[in-house]
$ cat query.pdb   # PDB, C-alpha atoms
ATOM      1  CA  MET A   1      69.115  -0.149  15.182
ATOM      2  CA  GLU A   2      69.539   1.945  18.345
ATOM      3  CA  VAL A   3      67.244   3.511  20.939
ATOM      4  CA  PHE A   4      67.467   7.224  21.678
ATOM      5  CA  SER A   5      65.605   9.355  24.198
ATOM      6  CA  ILE A   6      64.404  12.710  22.838
ATOM      7  CA  GLY A   7      62.223  15.567  24.041
ATOM      8  CA  PRO A   8      58.424  15.457  23.800
ATOM      9  CA  GLU A   9      58.220  18.296  21.266
ATOM     10  CA  GLU A  10      60.688  16.588  18.934
ATOM     11  CA  TYR A  11      58.891  13.250  19.389
ATOM     12  CA  ALA A  12      55.514  14.812  18.587
ATOM     13  CA  ALA A  13      56.864  16.417  15.417
ATOM     14  CA  GLU A  14      58.432  13.141  14.311
ATOM     15  CA  LEU A  15      55.783  10.560  15.257
ATOM     16  CA  ASP A  16      52.466  11.913  16.540
ATOM     17  CA  ARG A  17      50.785  11.922  13.138
ATOM     18  CA  TYR A  18      51.527   8.192  12.797
ATOM     19  CA  ALA A  19      50.122   7.179  16.204
ATOM     20  CA  PRO A  20      47.737   4.198  15.795
ATOM     21  CA  HIS A  21      45.591   5.389  18.721
ATOM     22  CA  VAL A  22      45.226   8.404  20.995
ATOM     23  CA  TYR A  23      47.168   6.818  23.882
ATOM     24  CA  ASN A  24      50.389   6.877  21.864
ATOM     25  CA  ARG A  25      50.305  10.636  21.381
ATOM     26  CA  VAL A  26      52.491  13.054  23.292
ATOM     27  CA  ALA A  27      49.657  15.234  24.640
ATOM     28  CA  PHE A  28      47.946  12.304  26.353
ATOM     29  CA  ASN A  29      51.156  11.090  27.969
ATOM     30  CA  LEU A  30      52.257  14.533  29.116
ATOM     31  CA  HIS A  31      48.814  15.026  30.645
ATOM     32  CA  ASN A  32      49.329  11.841  32.699
ATOM     33  CA  ARG A  33      53.017  12.310  33.500
ATOM     34  CA  SER A  34      52.304  12.692  37.249
ATOM     35  CA  LYS A  35      51.401   8.977  37.249
ATOM     36  CA  ALA A  36      55.005   8.020  36.522
ATOM     37  CA  ASP A  37      58.323   8.949  38.073
ATOM     38  CA  ASN A  38      59.590   9.900  34.633
ATOM     39  CA  VAL A  39      58.328   9.682  31.053
ATOM     40  CA  ARG A  40      60.721   8.649  28.296
ATOM     41  CA  PHE A  41      60.084   9.493  24.645
ATOM     42  CA  LEU A  42      62.113   6.881  22.796
ATOM     43  CA  VAL A  43      62.846   6.613  19.097
ATOM     44  CA  LEU A  44      64.250   3.517  17.425
ATOM     45  CA  ALA A  45      66.422   4.436  14.464
ATOM     46  CA  ASP A  46      69.115   3.216  12.106
ATOM     47  CA  SER A  47      69.746   5.536   9.173
ATOM     48  CA  LYS A  48      66.425   7.167  10.032
ATOM     49  CA  VAL A  49      63.692   7.057  12.675
ATOM     50  CA  ARG A  50      61.535   3.972  12.196
ATOM     51  CA  PHE A  51      59.577   3.535  15.449
ATOM     52  CA  GLY A  52      58.689   5.374  18.617
ATOM     53  CA  LEU A  53      57.775   4.223  22.117
ATOM     54  CA  ILE A  54      56.514   6.335  25.015
ATOM     55  CA  ALA A  55      57.191   4.696  28.370
ATOM     56  CA  GLY A  56      56.611   5.781  31.930
ATOM     57  CA  GLU A  57      59.114   4.812  34.593
ATOM     58  CA  ARG A  58      57.579   3.401  37.770
ATOM     59  CA  ASP A  59      58.853   0.983  40.414
ATOM     60  CA  GLY A  60      62.067   0.505  38.486
ATOM     61  CA  ARG A  61      60.245  -0.555  35.286
ATOM     62  CA  LEU A  62      59.451   1.093  31.967
ATOM     63  CA  LEU A  63      55.751   0.790  31.158
ATOM     64  CA  SER A  64      53.915   1.290  27.876
ATOM     65  CA  PRO A  65      51.330   2.341  28.755
ATOM     66  CA  PHE A  66      51.731   3.753  32.237
ATOM     67  CA  SER A  67      48.215   5.233  32.398
ATOM     68  CA  ALA A  68      46.072   3.963  29.517
ATOM     69  CA  PRO A  69      44.388   0.791  28.293
ATOM     70  CA  PHE A  70      47.275  -0.030  25.921
ATOM     71  CA  GLY A  71      50.384   1.404  24.283
ATOM     72  CA  GLY A  72      52.980  -0.212  22.025
ATOM     73  CA  LEU A  73      55.081   1.098  19.181
ATOM     74  CA  THR A  74      54.229   3.898  16.830
ATOM     75  CA  TRP A  75      55.458   3.000  13.340
ATOM     76  CA  ARG A  76      56.834   5.881  11.292
ATOM     77  CA  GLY A  77      55.108   4.904   8.079
ATOM     78  CA  ARG A  78      55.348   1.453   6.555
ATOM     79  CA  GLN A  79      58.120  -0.688   8.072
ATOM     80  CA  SER A  80      59.382  -4.154   7.208
ATOM     81  CA  VAL A  81      59.319  -7.176   9.497
ATOM     82  CA  GLU A  82      63.118  -7.089   9.397
ATOM     83  CA  HIS A  83      63.122  -3.586  10.861
ATOM     84  CA  LEU A  84      60.547  -4.573  13.472
ATOM     85  CA  PHE A  85      62.605  -7.497  14.724
ATOM     86  CA  ALA A  86      65.690  -5.260  14.774
ATOM     87  CA  ALA A  87      63.704  -2.815  16.910
ATOM     88  CA  SER A  88      62.798  -5.561  19.389
ATOM     89  CA  GLU A  89      66.468  -6.510  19.700
ATOM     90  CA  ALA A  90      67.321  -2.839  20.262
ATOM     91  CA  LEU A  91      64.758  -2.646  23.062
ATOM     92  CA  LYS A  92      66.278  -5.751  24.634
ATOM     93  CA  ARG A  93      69.691  -4.048  24.618
ATOM     94  CA  TYR A  94      68.128  -0.862  26.003
ATOM     95  CA  ALA A  95      66.556  -2.829  28.866
ATOM     96  CA  SER A  96      69.949  -4.338  29.642
ATOM     97  CA  THR A  97      71.725  -0.981  29.461
ATOM     98  CA  THR A  98      69.244   0.705  31.794
ATOM     99  CA  GLY A  99      68.766  -2.343  34.005
ATOM    100  CA  LYS A 100      64.988  -1.882  33.731
ATOM    101  CA  SER A 101      62.401  -4.289  32.401
ATOM    102  CA  ILE A 102      60.096  -2.961  29.674
ATOM    103  CA  SER A 103      56.425  -3.936  29.905
ATOM    104  CA  ILE A 104      54.364  -3.337  26.766
ATOM    105  CA  THR A 105      50.602  -3.890  26.558
ATOM    106  CA  LEU A 106      49.487  -3.936  22.941
ATOM    107  CA  PRO A 107      46.072  -2.844  21.700
ATOM    108  CA  PRO A 108      43.641  -5.525  20.525
ATOM    109  CA  ALA A 109      43.971  -6.421  16.863
ATOM    110  CA  ILE A 110      41.060  -4.198  15.749
ATOM    111  CA  TYR A 111      43.394  -1.194  15.995
ATOM    112  CA  SER A 112      45.593  -2.639  13.234
ATOM    113  CA  PRO A 113      45.934  -6.407  12.793
ATOM    114  CA  SER A 114      49.315  -6.181  11.044
ATOM    115  CA  LEU A 115      50.884  -3.823  13.579
ATOM    116  CA  VAL A 116      49.661  -5.851  16.551
ATOM    117  CA  ALA A 117      50.639  -9.222  15.056
ATOM    118  CA  GLY A 118      54.084  -7.945  14.138
ATOM    119  CA  GLN A 119      54.789  -6.546  17.572
ATOM    120  CA  THR A 120      53.503  -9.691  19.308
ATOM    121  CA  ALA A 121      55.878 -11.838  17.271
ATOM    122  CA  ALA A 122      58.888  -9.518  17.509
ATOM    123  CA  PHE A 123      58.593  -8.743  21.224
ATOM    124  CA  GLY A 124      57.800 -12.380  21.981
ATOM    125  CA  LYS A 125      61.181 -13.333  20.520
ATOM    126  CA  VAL A 126      63.076 -11.209  23.052
ATOM    127  CA  GLY A 127      60.600 -11.132  25.944
ATOM    128  CA  ARG A 128      58.026 -13.019  27.959
ATOM    129  CA  VAL A 129      54.431 -13.053  26.713
ATOM    130  CA  ASN A 130      52.045 -12.938  29.668
ATOM    131  CA  GLN A 131      48.644 -14.609  29.746
ATOM    132  CA  PRO A 132      46.555 -12.478  27.342
ATOM    133  CA  ASP A 133      43.420 -10.641  28.373
ATOM    134  CA  LEU A 134      40.068 -10.976  26.619
ATOM    135  CA  ASN A 135      38.842  -7.887  24.787
ATOM    136  CA  TYR A 136      35.459  -7.423  23.126
ATOM    137  CA  HIS A 137      34.367  -5.259  20.215
ATOM    138  CA  VAL A 138      31.275  -4.909  18.067
ATOM    139  CA  SER A 139      31.047  -4.079  14.375
ATOM    140  CA  LEU A 140      28.628  -1.289  13.496
ATOM    141  CA  ASP A 141      27.758  -2.839  10.152
ATOM    142  CA  PHE A 142      23.991  -3.079  10.720
ATOM    143  CA  GLN A 143      21.400  -1.200   8.699
ATOM    144  CA  PRO A 144      20.328   2.223  10.056
ATOM    145  CA  GLY A 145      17.883   1.818  12.902
ATOM    146  CA  ASN A 146      18.579  -1.904  13.284
ATOM    147  CA  ALA A 147      21.146  -2.210  16.059
ATOM    148  CA  VAL A 148      18.795  -4.730  17.686
ATOM    149  CA  SER A 149      20.031  -7.194  15.050
ATOM    150  CA  LYS A 150      23.277  -7.370  17.051
ATOM    151  CA  LEU A 151      21.508  -8.821  20.096
ATOM    152  CA  THR A 152      22.009 -12.561  20.386
ATOM    153  CA  GLY A 153      19.580 -14.957  21.992
ATOM    154  CA  PRO A 154      16.075 -14.542  23.406
ATOM    155  CA  SER A 155      17.225 -13.327  26.833
ATOM    156  CA  SER A 156      18.908 -10.147  25.573
ATOM    157  CA  ARG A 157      16.036  -9.372  23.210
ATOM    158  CA  ASN A 158      13.457  -9.940  25.940
ATOM    159  CA  SER A 159      15.367  -7.685  28.343
ATOM    160  CA  ARG A 160      15.334  -4.951  25.705
ATOM    161  CA  LYS A 161      11.589  -5.386  25.241
ATOM    162  CA  VAL A 162      11.066  -4.995  29.001
ATOM    163  CA  ALA A 163      13.103  -1.772  28.970
ATOM    164  CA  MET A 164      11.128  -0.484  25.972
ATOM    165  CA  ARG A 165       7.920  -0.503  28.032
ATOM    166  CA  ARG A 166       9.067   2.683  29.728
ATOM    167  CA  PRO A 167       9.526   5.924  27.750
ATOM    168  CA  HIS A 168      13.196   6.634  27.159
ATOM    169  CA  ARG A 169      15.493   9.165  25.534
ATOM    170  CA  LEU A 170      19.206   9.366  24.895
ATOM    171  CA  LEU A 171      21.113  12.532  25.834
ATOM    172  CA  ILE A 172      24.572  13.240  24.434
ATOM    173  CA  ALA A 173      27.143  15.831  25.480
ATOM    174  CA  GLY A 174      30.767  16.738  25.000
ATOM    175  CA  PRO A 175      33.279  17.723  27.702
ATOM    176  CA  ALA A 176      32.061  21.332  27.725
ATOM    177  CA  ASP A 177      28.766  20.279  29.335
ATOM    178  CA  MET A 178      29.964  19.868  32.907
ATOM    179  CA  GLU A 179      26.517  19.297  34.418
ATOM    180  CA  MET A 180      25.620  16.526  32.001
ATOM    181  CA  ALA A 181      29.035  14.895  32.360
ATOM    182  CA  ARG A 182      28.626  14.834  36.149
ATOM    183  CA  ARG A 183      25.235  13.110  35.827
ATOM    184  CA  VAL A 184      26.848  10.506  33.582
ATOM    185  CA  TYR A 185      29.673   9.998  36.051
ATOM    186  CA  GLU A 186      27.295   9.625  39.000
ATOM    187  CA  VAL A 187      25.324   6.832  37.305
ATOM    188  CA  ILE A 188      28.556   5.000  36.510
ATOM    189  CA  ARG A 189      29.917   5.577  40.023
ATOM    190  CA  ALA A 190      26.753   4.106  41.579
ATOM    191  CA  ASN A 191      26.974   1.126  39.213
ATOM    192  CA  HIS A 192      30.607   0.403  40.041
ATOM    193  CA  GLU A 193      30.152   0.799  43.775
ATOM    194  CA  ALA A 194      27.214  -1.636  43.737
ATOM    195  CA  LEU A 195      29.457  -4.156  41.951
ATOM    196  CA  ASP A 196      32.368  -3.432  44.334
ATOM    197  CA  HIS A 197      34.519  -2.113  41.462
ATOM    198  CA  PRO A 198      35.615   1.410  42.494
ATOM    199  CA  LEU A 199      36.316   3.781  39.616
ATOM    200  CA  ARG A 200      39.990   4.325  38.878
ATOM    201  CA  MET A 201      39.448   7.888  37.670
ATOM    202  CA  SER A 202      37.851  10.707  39.620
ATOM    203  CA  PHE A 203      35.335  12.988  37.929
ATOM    204  CA  GLU A 204      37.974  15.706  37.750
ATOM    205  CA  GLU A 205      40.421  13.318  36.053
ATOM    206  CA  VAL A 206      37.791  12.237  33.523
ATOM    207  CA  MET A 207      36.997  15.839  32.664
ATOM    208  CA  ALA A 208      40.637  16.893  32.403
ATOM    209  CA  THR A 209      41.333  14.036  29.981
ATOM    210  CA  ALA A 210      38.140  14.373  27.911
ATOM    211  CA  PRO A 211      39.329  17.112  25.491
ATOM    212  CA  ILE A 212      42.470  15.097  24.685
ATOM    213  CA  THR A 213      40.630  11.828  24.055
ATOM    214  CA  GLY A 214      37.609  13.353  22.299
ATOM    215  CA  SER A 215      35.271  11.979  24.951
ATOM    216  CA  HIS A 216      31.494  11.804  24.631
ATOM    217  CA  PHE A 217      29.068  11.504  27.531
ATOM    218  CA  LEU A 218      25.870   9.521  26.903
ATOM    219  CA  LEU A 219      22.942   9.324  29.301
ATOM    220  CA  MET A 220      19.702   7.387  28.948
ATOM    221  CA  GLN A 221      16.617   8.484  30.838
ATOM    222  CA  GLN A 222      13.481   6.470  31.488
ATOM    223  CA  ALA A 223      10.401   8.145  32.928
ATOM    224  CA  GLY A 224      12.557  11.153  33.807
ATOM    225  CA  GLU A 225      15.209   9.126  35.694
ATOM    226  CA  ASP A 226      18.883   8.740  34.781
ATOM    227  CA  VAL A 227      19.113   4.967  34.330
ATOM    228  CA  ALA A 228      22.230   4.227  32.236
ATOM    229  CA  ALA A 229      25.328   6.111  31.157
ATOM    230  CA  ALA A 230      28.578   5.822  29.238
ATOM    231  CA  VAL A 231      31.867   7.655  28.718
ATOM    232  CA  ILE A 232      33.174   6.971  25.207
ATOM    233  CA  ASN A 233      36.553   7.979  23.771
ATOM    234  CA  ASN A 234      37.448   8.530  20.142
ATOM    235  CA  SER A 235      40.416   6.213  20.564
ATOM    236  CA  ALA A 236      41.333   5.906  16.870
ATOM    237  CA  PRO A 237      39.893   6.824  13.482
ATOM    238  CA  GLU A 238      36.565   4.992  13.083
ATOM    239  CA  ILE A 239      36.801   3.372  16.550
ATOM    240  CA  ALA A 240      34.694   4.445  19.529
ATOM    241  CA  GLN A 241      35.987   3.058  22.805
ATOM    242  CA  ILE A 242      33.799   2.589  25.861
ATOM    243  CA  ILE A 243      35.797   3.683  28.883
ATOM    244  CA  TYR A 244      32.991   3.377  31.423
ATOM    245  CA  TRP A 245      29.357   2.357  31.136
ATOM    246  CA  GLY A 246      26.646   0.838  33.276
ATOM    247  CA  ASP A 247      23.128   1.111  34.636
ATOM    248  CA  HIS A 248      22.035   2.631  37.928
ATOM    249  CA  PRO A 249      21.404  -0.118  40.520
ATOM    250  CA  HIS A 250      17.934   1.279  41.279
ATOM    251  CA  ALA A 251      16.952   0.892  37.615
ATOM    252  CA  ARG A 252      18.180  -2.645  37.108
ATOM    253  CA  ILE A 253      14.731  -4.132  37.636
ATOM    254  CA  HIS A 254      13.732  -2.517  34.304
ATOM    255  CA  HIS A 255      16.701  -4.035  32.369
ATOM    256  CA  PRO A 256      17.935  -0.805  30.769
ATOM    257  CA  MET A 257      21.372  -2.018  29.617
ATOM    258  CA  ASN A 258      20.284  -4.068  26.596
ATOM    259  CA  LEU A 259      18.260  -1.114  25.347
ATOM    260  CA  PHE A 260      21.043   1.325  26.192
ATOM    261  CA  ALA A 261      23.591  -0.823  24.323
ATOM    262  CA  THR A 262      21.569  -0.675  21.103
ATOM    263  CA  GLU A 263      21.015   3.071  21.533
ATOM    264  CA  VAL A 264      24.761   3.609  21.963
ATOM    265  CA  MET A 265      25.513   1.508  18.868
ATOM    266  CA  GLU A 266      22.987   3.472  16.807
ATOM    267  CA  TRP A 267      24.542   6.741  17.931
ATOM    268  CA  ALA A 268      28.101   5.552  17.184
ATOM    269  CA  ARG A 269      27.161   4.400  13.698
ATOM    270  CA  THR A 270      25.604   7.782  12.880
ATOM    271  CA  GLN A 271      28.852   9.448  14.003
ATOM    272  CA  GLY A 272      30.805   7.529  11.369
ATOM    273  CA  PHE A 273      32.401   4.973  13.673
ATOM    274  CA  ARG A 274      32.979   1.541  12.149
ATOM    275  CA  LEU A 275      33.723  -0.355  15.359
ATOM    276  CA  MET A 276      33.120  -0.039  19.070
ATOM    277  CA  ASP A 277      35.842  -1.234  21.427
ATOM    278  CA  ILE A 278      33.797  -2.473  24.382
ATOM    279  CA  GLY A 279      36.931  -3.241  26.393
ATOM    280  CA  PRO A 280      38.440  -6.065  28.424
ATOM    281  CA  SER A 281      36.555  -8.723  30.350
ATOM    282  CA  SER A 282      39.475 -10.287  32.160
ATOM    283  CA  GLU A 283      42.308  -9.195  34.411
ATOM    284  CA  HIS A 284      45.727 -10.876  34.303
ATOM    285  CA  GLY A 285      44.114 -13.508  32.092
ATOM    286  CA  VAL A 286      41.298 -14.374  34.520
ATOM    287  CA  PRO A 287      37.910 -13.786  32.834
ATOM    288  CA  SER A 288      34.832 -12.214  34.403
ATOM    289  CA  PRO A 289      32.031 -14.597  33.319
ATOM    290  CA  GLY A 290      29.259 -12.040  33.853
ATOM    291  CA  LEU A 291      30.968  -9.397  31.722
ATOM    292  CA  CYS A 292      31.726 -11.937  29.009
ATOM    293  CA  ARG A 293      28.104 -13.112  28.909
ATOM    294  CA  PHE A 294      26.731  -9.587  28.652
ATOM    295  CA  LYS A 295      29.117  -8.522  25.889
ATOM    296  CA  GLU A 296      28.430 -11.685  23.926
ATOM    297  CA  SER A 297      24.667 -11.058  24.327
ATOM    298  CA  ILE A 298      24.973  -7.700  22.538
ATOM    299  CA  GLY A 299      26.822  -9.186  19.572
ATOM    300  CA  CYS A 300      30.421  -8.556  20.560
ATOM    301  CA  GLU A 301      33.352 -10.431  19.073
ATOM    302  CA  LEU A 302      36.417 -11.531  20.968
ATOM    303  CA  SER A 303      40.073 -10.620  20.487
ATOM    304  CA  LEU A 304      43.178 -10.769  22.653
ATOM    305  CA  LYS A 305      45.182  -8.051  24.349
ATOM    306  CA  HIS A 306      48.791  -9.115  24.883
ATOM    307  CA  THR A 307      51.337  -7.889  27.411
ATOM    308  CA  ILE A 308      55.000  -8.646  26.755
ATOM    309  CA  VAL A 309      57.766  -8.069  29.306
ATOM    310  CA  ILE A 310      61.335  -7.580  28.053
ATOM    311  CA  GLU A 311      63.774  -8.251  30.884
ATOM    312  CA  PRO A 312      67.344  -6.954  31.057
ATOM    313  CA  GLU A 313      70.128  -9.481  30.735
ATOM    314  CA  SER A 314      71.240 -10.676  34.172
ATOM    315  CA  GLY A 315      74.184  -8.742  35.516
ATOM    316  CA  SER A 316      73.572  -5.788  33.234
ATOM    317  CA  GLY A 317      72.348  -2.289  33.967
ATOM    318  CA  CYS A 318      73.700   0.737  35.699
TER     319      CYS A 318
END
$ encode --input "query.pdb" --output "C-alpha cells"
Amino acid sequence: MEVFSIGPEEYAAELDRYAPHVYNRVAFNLHNRSKADNVRFLVLADSKVRFGLIAGERDGRLLSPFSAPFGGLTWRGRQSVEHLFAASEALKRYASTTGKSISITLPPAIYSPSLVAGQTAAFGKVGRVNQPDLNYHVSLDFQPGNAVSKLTGPSSRNSRKVAMRRPHRLLIAGPADMEMARRVYEVIRANHEALDHPLRMSFEEVMATAPITGSHFLLMQQAGEDVAAAVINNSAPEIAQIIYWGDHPHARIHHPMNLFATEVMEWARTQGFRLMDIGPSSEHGVPSPGLCRFKESIGCELSLKHTIVIEPESGSGC
C-alpha cells in the first residue's frame, strides 16, 4: 500500500461520504487551513483507495487533526485488519520519506468502536502511543421527560432542585440567529474567564464554523437572566458534541448547571441524538478532578482518546 497526496476536490469525491465525523470532511479542513502551513489530503491505496487522512503541516509535523478535537483515518467502506496494518506501515514509510512525524488523535470509541480500536492497534505497532486523555459521554436512553434519571448521587439532584426554585426556560437557535448566538458566547466567555480558561475560538470563529458543523446554540434563562449556555455540534450521525458550555459566574449561587444539563439532554433526545459527547476532562493525560466529578454527577461514562505519533526513521527524509 502507498500514500498519495491529491487535491481537496478529488479527496471529497472519493472519501467525504465515508467520514466517521464532521472533522474528517474536506469543507471543515479547508475552512481551517489558515491554522496550518499546508494541508495535505492523503489517500492510502493499493489496487484501489482504501483509506484517507487529512493532515495539517505545522512546526515540521503532520497533524491529524490540526484544528479539531480529533481526526484519524477515513475508511472507504469496510476494510480488513490486514489492509489497516498495511496502511499504518505505509504511513511509517511516508513519515520517513518526508522526514516529518505524523501525530494522529483518534476520536473516542463512541464514534465507532471497531474503527478506533483498529487504528489504535495498527498505529501503535509503528508509532508511539501517548498517555490517553479521558473523554466523557452520556447515553440518551432515558424515557421522555426523565433526563433527571441520569443524575447520580444526592448532591447533583439537590443542586437541580435548588435551581428549579427559580422560573426557567430553554432557548435554542441555529447559526442564523446572530444575536442569540452572541448571548450564548458571552455566558460561556464569562464562565471560562472566571475559571482562568480563555476560549480558544473567538465569537467570529465560532460563527464562521457553525454552518459546517451544524452547530446549535442553547441558552437557559432564570428570572429573565442568562444563566447557562452551550454550543453543540452535530459531530456525527446520532451524536451531539458539546464544544463549549457553562454557567455565568453571577448565577452560580443558584446551581443552574445540573438543571441545564438535564434540559440539554432532553433537547438532544428529542432531536434524535442517541449520545452526547461531553468532551475531554484531561490534558496530556492529566485529569481535571472538578470536571470529572461534574460529568460523573450527570451520568456520564468514560472512554479514552488516544494520540499516536509516528516518527520517521532516523537519517531519513528530504
$ residues_near_point --input "query.pdb" --point "(54.6, 0.1, 26.0)" --cutoff "12 Å" --atoms "all atoms listed in the file" --output "JSON, numbers by chain"
{"A": [23, 24, 29, 39, 40, 41, 42, 52, 53, 54, 55, 56, 57, 61, 62, 63, 64, 65, 66, 67, 68, 69, 70, 71, 72, 73, 74, 88, 91, 101, 102, 103, 104, 105, 106, 107, 119, 120, 123, 306, 307, 308, 309, 310]}
$ axis_aligned_box --input "query.pdb" --around "segment 75-90 of chain A" --padding-each-side "8 Å" --output "lines of an AutoDock Vina configuration file"
center_x = 61.2
center_y = -0.8
center_z = 13.4
size_x = 28.2
size_y = 29.4
size_z = 29.7
$ resolve_selection --input "query.pdb" --expression "the PyMOL selection byres ((chain A and resi 22) around 9)" --output "list in words"
Ala19, Pro20, His21, Tyr23, Asn24, Arg25, Val26, Ala27, Phe28, Ile212, Thr213, Asn234, Ser235 and Ala236 of chain A
$ atom_distance --input "query.pdb" --atom1 "atom CA of Glu266 of chain A" --atom2 "atom CA of Pro289 of chain A"
26.1 Å
$ resolve_selection --input "query.pdb" --expression "the PyMOL selection byres ((chain A and resi 272) around 10)" --output "list in words"
Leu140, Pro237, Glu238, Ile239, Ala240, Trp267, Ala268, Arg269, Thr270, Gln271, Phe273, Arg274 and Leu275 of chain A
$ atom_distance --input "query.pdb" --atom1 "atom CA of Ala163 of chain A" --atom2 "atom CA of Ala229 of chain A"
14.7 Å
$ residues_around --input "query.pdb" --residues "Glu2 of chain A" --least-positions-apart "6" --cutoff "10 Å" --atoms "all atoms listed in the file" --output "PyMOL selection string"
chain A and resi 42-47+49+86-87+89-91+93-94
$ write_last_selection --input "query.pdb" --atoms "C-alpha atoms" --output "compact mmCIF listing (two decimals), in the coordinates of the input"
# COMPACT_ATOMS: atom_id res chain seq x y z
CA LEU A 42 62.11 6.88 22.80
CA VAL A 43 62.85 6.61 19.10
CA LEU A 44 64.25 3.52 17.42
CA ALA A 45 66.42 4.44 14.46
CA ASP A 46 69.11 3.22 12.11
CA SER A 47 69.75 5.54 9.17
CA VAL A 49 63.69 7.06 12.68
CA ALA A 86 65.69 -5.26 14.77
CA ALA A 87 63.70 -2.82 16.91
CA GLU A 89 66.47 -6.51 19.70
CA ALA A 90 67.32 -2.84 20.26
CA LEU A 91 64.76 -2.65 23.06
CA ARG A 93 69.69 -4.05 24.62
CA TYR A 94 68.13 -0.86 26.00
$ atom_distance --input "query.pdb" --atom1 "atom CA of Ser5 of chain A" --atom2 "atom CA of Gly214 of chain A"
28.3 Å
$ resolve_selection --input "query.pdb" --expression "the PyMOL selection byres ((chain A and resi 284) around 8)" --output "CSV table (one decimal) with C-alpha atoms, in the coordinates of the input"
chain,number,residue,atom,x,y,z
A,131,GLN,CA,48.6,-14.6,29.7
A,132,PRO,CA,46.6,-12.5,27.3
A,133,ASP,CA,43.4,-10.6,28.4
A,282,SER,CA,39.5,-10.3,32.2
A,283,GLU,CA,42.3,-9.2,34.4
A,285,GLY,CA,44.1,-13.5,32.1
A,286,VAL,CA,41.3,-14.4,34.5
$ residues_around --input "query.pdb" --residues "Thr262 of chain A" --least-positions-apart "4" --cutoff "10 Å" --atoms "only C-alpha atoms" --output "ChimeraX atom specification"
/A:145-151,160,257-258,266-268,298
$ write_last_selection --input "query.pdb" --atoms "C-alpha atoms" --output "CSV table (one decimal), in the coordinates of the input"
chain,number,residue,atom,x,y,z
A,145,GLY,CA,17.9,1.8,12.9
A,146,ASN,CA,18.6,-1.9,13.3
A,147,ALA,CA,21.1,-2.2,16.1
A,148,VAL,CA,18.8,-4.7,17.7
A,149,SER,CA,20.0,-7.2,15.0
A,150,LYS,CA,23.3,-7.4,17.1
A,151,LEU,CA,21.5,-8.8,20.1
A,160,ARG,CA,15.3,-5.0,25.7
A,257,MET,CA,21.4,-2.0,29.6
A,258,ASN,CA,20.3,-4.1,26.6
A,266,GLU,CA,23.0,3.5,16.8
A,267,TRP,CA,24.5,6.7,17.9
A,268,ALA,CA,28.1,5.6,17.2
A,298,ILE,CA,25.0,-7.7,22.5
